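Engineer: One structure coming up, written as structure tokens, with questions to follow.
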Amino acid sequence: MIPKQWYIVMDSTQVRDKPVGVVRMGEKLVFWRDSKGKVSCLLDKCAHRGVQLSKGKVIGDHIQCPFHGLEYESSGRVTVIPANGKDTPVPDRFQVLSYPTYEAHSFIWIWWGENPPEKLQPPRFFTDIDDSLSYSRTYDHWNAHYSRVIENQLDAAHLPFVHYNTIGRGNRTIVDGPLLQWLDGDMFYVFVHNRVDDGTPPLKLEQMPTLDPVKDFKLEFIFPNLWQNYIGEKVRVMVAFVPVDQENTILYLRFYQKFMRVPVLRKLITRLSTPLNLIITHQDRRVVVTQQPKASALQIGEQLFQADRPIIEYRRRRQELMEKAHQ
């Protein structure tokens, strides 16, 4: 994983009035809401005897260890050791690792890294997703490294083979371009154009027609783990690729739409989209979980071709961000 980045790690609905323990980024973490509803995140291990804090309870703005009642504030500092008395100062060594959190769009992010900057900027989201779009949500577990799952969603050449009876019907095996447009160092668009093989080679980048980012079908990606299939102004599929550890990923998948305004039908359409999206996703999963090595990188012995340009660009930028984070 790339350190010093905001990662979507959970859906807001997963953290309510009790502590929630999960594995994210290869670490056991605990999430809870304080008296004002703000989400906090700590390492799920009491500094005293190593008990999981997620088995405890929320006391006001603090989380209380279930073993000896130590109370932690959102910074990870212990504020009370009951056995020593409520007015006895707590030694500084009673501290666990905490991660900054951010909540918006019904997602929870953590800033994963050491020594976060004092003026930490909030994470990015897709500016073309707003409250005019209704959505359904589902989660899907993959036994695959998150980088491989991301690359699958940037891969246009697999469509007629993996999805031959769903979104890849039509045997459009030729991949023109693909045209990739960087908005800045953390976000890019991929314009996908597949066609039937008529004997002509794929178009080069300089041969591609001018495309409209607002009107034309495209894929959007925001580092480190957020992707959108921009099918059109009124229909989107969005996925957050949440790293569990080096070999497991959870897809937080949403289908957004605003072509149907009637409340009852709108809810029905968004719900019915979920089974279809999971069928498509599981077609991908069957293949991606077999890839070796588990994690992607710039040099892993693969022989790539023109259609793999988005994957190459993703790997290049991911490597740059990892090197920068370790400087």
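Order determines the names: the first chain of the structure tokens is A, the second B, and so forth; residues in each chain are numbered 1 upward, and ligands are numbered 1 upward as they are shown.
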Using 12 Å as the limit and counting only C-alpha atoms, can you tabulate each residue of segment 165-206 of chain A that touches segment 214-237 of chain A, with its shortest atom-to-atom distance in Å and the two atoms involved, as a tab-separated table?
Structural biologist:
```
residue	atom	partner	partner_atom	distance
A:Ile167	CA	A:Ile231	CA	11.8
A:Pro178	CA	A:Lys218	CA	10.4
A:Leu179	CA	A:Lys218	CA	9.7
A:Leu180	CA	A:Leu219	CA	9.4
A:Gln181	CA	A:Glu220	CA	9.6
A:Trp182	CA	A:Phe221	CA	9.7
A:Leu183	CA	A:Ile222	CA	9.9
A:Asp184	CA	A:Ile222	CA	9.8
A:Gly185	CA	A:Phe223	CA	8.7
A:Asp186	CA	A:Phe223	CA	5.2
A:Met187	CA	A:Ile222	CA	4.5
A:Phe188	CA	A:Phe221	CA	5.6
A:Tyr189	CA	A:Glu220	CA	4.6
A:Val190	CA	A:Leu219	CA	5.0
A:Phe191	CA	A:Lys218	CA	4.6
A:Val192	CA	A:Lys218	CA	6.2
A:His193	CA	A:Phe217	CA	8.9
A:Asn194	CA	A:Phe217	CA	11.7
```
Engineer: Considering only C-alpha atoms, return as a ChimeraX atom specification whatever protein or nucleic-acid residues lie within 10 Å of segment 25-41 of chain A, sequence-local ones (same chain, fewer than 4 positions apart) excluded.
Structural biologist: /A:1-3,7,9-10,12,14-21,45,52-55,57-63,73-76,97-103,108-110,112,242-249
Engineer: Can those selected residues be exported to a file as a CSV table (one decimal), in the first residue's frame so that it contains N, CA and C atoms?
Structural biologist:
```csv
chain,number,residue,atom,x,y,z
A,1,MET,N,0.8,-1.2,0.0
A,1,MET,CA,0.0,0.0,0.0
A,1,MET,C,0.9,1.3,0.0
A,2,ILE,N,0.3,2.3,-0.5
A,2,ILE,CA,1.1,3.6,-0.6
A,2,ILE,C,0.9,4.4,0.7
A,3,PRO,N,1.9,4.6,1.5
A,3,PRO,CA,1.7,5.4,2.7
A,3,PRO,C,1.4,6.8,2.4
A,7,TYR,N,-7.3,6.7,2.4
A,7,TYR,CA,-7.9,5.5,1.9
A,7,TYR,C,-9.4,5.4,2.4
A,9,VAL,N,-12.0,3.2,3.7
A,9,VAL,CA,-11.8,1.9,4.4
A,9,VAL,C,-13.2,1.3,4.8
A,10,MET,N,-14.2,2.1,4.9
A,10,MET,CA,-15.5,1.6,5.4
A,10,MET,C,-16.7,2.4,4.8
A,12,SER,N,-20.1,4.4,5.9
A,12,SER,CA,-20.5,5.0,7.1
A,12,SER,C,-21.5,4.2,7.9
A,14,GLN,N,-21.5,1.2,8.6
A,14,GLN,CA,-20.9,0.1,9.3
A,14,GLN,C,-20.5,0.6,10.7
A,15,VAL,N,-20.4,1.8,11.0
A,15,VAL,CA,-20.0,2.3,12.3
A,15,VAL,C,-21.2,3.1,12.9
A,16,ARG,N,-21.8,2.5,14.0
A,16,ARG,CA,-23.0,3.1,14.6
A,16,ARG,C,-22.7,3.5,16.0
A,17,ASP,N,-23.3,2.8,17.0
A,17,ASP,CA,-23.2,3.2,18.4
A,17,ASP,C,-22.2,2.4,19.2
A,18,LYS,N,-21.6,1.3,18.6
A,18,LYS,CA,-20.7,0.4,19.2
A,18,LYS,C,-19.4,0.4,18.5
A,19,PRO,N,-18.2,0.1,19.2
A,19,PRO,CA,-17.0,0.0,18.5
A,19,PRO,C,-17.0,-1.1,17.4
A,20,VAL,N,-16.3,-0.9,16.3
A,20,VAL,CA,-16.2,-1.9,15.3
A,20,VAL,C,-14.7,-2.2,15.0
A,21,GLY,N,-14.4,-3.5,15.1
A,21,GLY,CA,-13.0,-3.9,14.8
A,21,GLY,C,-13.0,-4.5,13.4
A,45,LYS,N,-5.6,-2.5,19.9
A,45,LYS,CA,-4.8,-3.2,20.8
A,45,LYS,C,-4.5,-2.3,22.0
A,52,GLN,N,-8.2,-6.5,22.6
A,52,GLN,CA,-8.8,-5.7,21.5
A,52,GLN,C,-9.8,-4.7,22.0
A,53,LEU,N,-9.5,-3.4,21.7
A,53,LEU,CA,-10.4,-2.4,22.2
A,53,LEU,C,-11.8,-2.5,21.6
A,54,SER,N,-11.9,-3.1,20.4
A,54,SER,CA,-13.2,-3.2,19.7
A,54,SER,C,-14.2,-4.1,20.5
A,55,LYS,N,-13.7,-4.8,21.5
A,55,LYS,CA,-14.5,-5.6,22.4
A,55,LYS,C,-15.1,-4.8,23.6
A,57,LYS,N,-16.4,-0.7,25.0
A,57,LYS,CA,-17.6,0.1,24.7
A,57,LYS,C,-17.2,1.6,24.7
A,58,VAL,N,-18.2,2.4,24.1
A,58,VAL,CA,-18.0,3.8,24.0
A,58,VAL,C,-18.5,4.5,25.3
A,59,ILE,N,-17.7,5.3,25.9
A,59,ILE,CA,-18.0,6.1,27.1
A,59,ILE,C,-17.9,7.6,26.7
A,60,GLY,N,-19.0,8.2,26.4
A,60,GLY,CA,-18.9,9.6,26.0
A,60,GLY,C,-18.2,9.8,24.7
A,61,ASP,N,-17.0,10.5,24.8
A,61,ASP,CA,-16.2,10.7,23.6
A,61,ASP,C,-15.0,9.6,23.5
A,62,HIS,N,-14.9,8.7,24.5
A,62,HIS,CA,-13.8,7.8,24.6
A,62,HIS,C,-14.3,6.4,24.3
A,63,ILE,N,-13.3,5.5,24.0
A,63,ILE,CA,-13.5,4.1,23.9
A,63,ILE,C,-12.8,3.5,25.2
A,73,GLU,N,-8.9,8.5,24.2
A,73,GLU,CA,-9.4,9.5,23.4
A,73,GLU,C,-9.0,9.3,22.0
A,74,SER,N,-9.5,10.1,21.1
A,74,SER,CA,-9.3,9.9,19.6
A,74,SER,C,-7.9,10.0,19.2
A,75,SER,N,-7.0,10.7,20.0
A,75,SER,CA,-5.6,10.7,19.7
A,75,SER,C,-4.8,9.5,20.0
A,76,GLY,N,-5.5,8.5,20.7
A,76,GLY,CA,-4.9,7.3,21.1
A,76,GLY,C,-4.3,7.3,22.5
A,97,LEU,N,-1.5,3.8,18.6
A,97,LEU,CA,-1.4,4.5,17.3
A,97,LEU,C,-2.8,4.9,16.9
A,98,SER,N,-3.0,6.2,16.4
A,98,SER,CA,-4.3,6.7,15.9
A,98,SER,C,-4.1,7.1,14.4
A,99,TYR,N,-5.2,7.1,13.7
A,99,TYR,CA,-5.2,7.5,12.3
A,99,TYR,C,-6.2,8.6,12.1
A,100,PRO,N,-5.9,9.7,11.4
A,100,PRO,CA,-6.9,10.7,11.1
A,100,PRO,C,-8.0,10.1,10.3
A,101,THR,N,-9.2,10.6,10.6
A,101,THR,CA,-10.4,10.1,9.8
A,101,THR,C,-11.1,11.2,9.1
A,102,TYR,N,-11.9,10.9,8.1
A,102,TYR,CA,-12.7,11.8,7.4
A,102,TYR,C,-13.9,11.1,6.9
A,103,GLU,N,-15.1,11.8,7.0
A,103,GLU,CA,-16.3,11.1,6.6
A,103,GLU,C,-17.1,12.0,5.7
A,108,ILE,N,-16.1,6.4,5.0
A,108,ILE,CA,-15.1,6.7,6.0
A,108,ILE,C,-13.7,6.5,5.4
A,109,TRP,N,-12.9,7.5,5.5
A,109,TRP,CA,-11.5,7.5,5.1
A,109,TRP,C,-10.6,7.5,6.3
A,110,ILE,N,-9.4,6.9,6.2
A,110,ILE,CA,-8.3,7.1,7.1
A,110,ILE,C,-7.1,7.6,6.4
A,112,TRP,N,-3.5,7.1,6.1
A,112,TRP,CA,-2.6,6.0,6.5
A,112,TRP,C,-1.2,6.3,6.4
A,242,VAL,N,-10.8,-1.5,-1.2
A,242,VAL,CA,-10.3,-1.3,0.2
A,242,VAL,C,-9.3,-2.4,0.6
A,243,PRO,N,-8.1,-2.0,0.8
A,243,PRO,CA,-7.1,-3.1,1.2
A,243,PRO,C,-7.3,-3.6,2.6
A,244,VAL,N,-7.5,-4.9,2.6
A,244,VAL,CA,-7.6,-5.6,3.9
A,244,VAL,C,-6.2,-6.0,4.4
A,245,ASP,N,-5.4,-6.7,3.5
A,245,ASP,CA,-4.0,-7.0,3.7
A,245,ASP,C,-3.4,-7.2,2.4
A,246,GLN,N,-2.2,-7.9,2.4
A,246,GLN,CA,-1.5,-8.1,1.1
A,246,GLN,C,-2.1,-9.0,0.2
A,247,GLU,N,-3.1,-9.8,0.7
A,247,GLU,CA,-3.7,-10.8,-0.2
A,247,GLU,C,-5.3,-10.7,-0.3
A,248,ASN,N,-5.8,-9.7,0.3
A,248,ASN,CA,-7.3,-9.6,0.4
A,248,ASN,C,-7.8,-8.1,0.2
A,249,THR,N,-8.9,-8.0,-0.6
A,249,THR,CA,-9.4,-6.7,-0.9
A,249,THR,C,-10.9,-6.8,-0.7
```
Engineer: Give me the residues within 8 Å of Gln283 of chain A as a PyMOL selection string, counting only C-alpha atoms and dropping any in the same chain fewer than 3 places off.
Structural biologist: chain A and resi 162-163+279-280+286-287
Engineer: Generate the output file for the selected residues, C-alpha atoms, as a PDB file, in the first residue's frame.
Structural biologist:
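Generated output (part-v5.pdb):
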```
ATOM      1  CA  VAL A 162     -14.041 -12.393 -19.340  1.00  0.00           C
ATOM      2  CA  HIS A 163     -17.433 -10.727 -19.943  1.00  0.00           C
ATOM      3  CA  ILE A 279     -22.378 -11.150 -11.631  1.00  0.00           C
ATOM      4  CA  ILE A 280     -20.051  -8.952 -13.690  1.00  0.00           C
ATOM      5  CA  ARG A 286     -12.566 -15.643 -11.014  1.00  0.00           C
ATOM      6  CA  VAL A 287      -9.591 -14.585 -13.149  1.00  0.00           C
TER       7      VAL A 287
END
```
Engineer: Measuring atom to atom with only C-alpha atoms, identify which of A:Arg77, A:Lys4, A:Arg124, A:Lys119 is nearest to His105 of chain A.
Structural biologist: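 When distances to His105 of chain A are compared using only C-alpha atoms, the smallest one comes from A:Arg124.
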Engineer: Which residues come within 12 Å of Gln207 of chain A, counting only C-alpha atoms, excluding same-chain residues fewer than 4 positions away, as a ChimeraX atom specification?
Structural biologist: /A:176-179,201-203,211
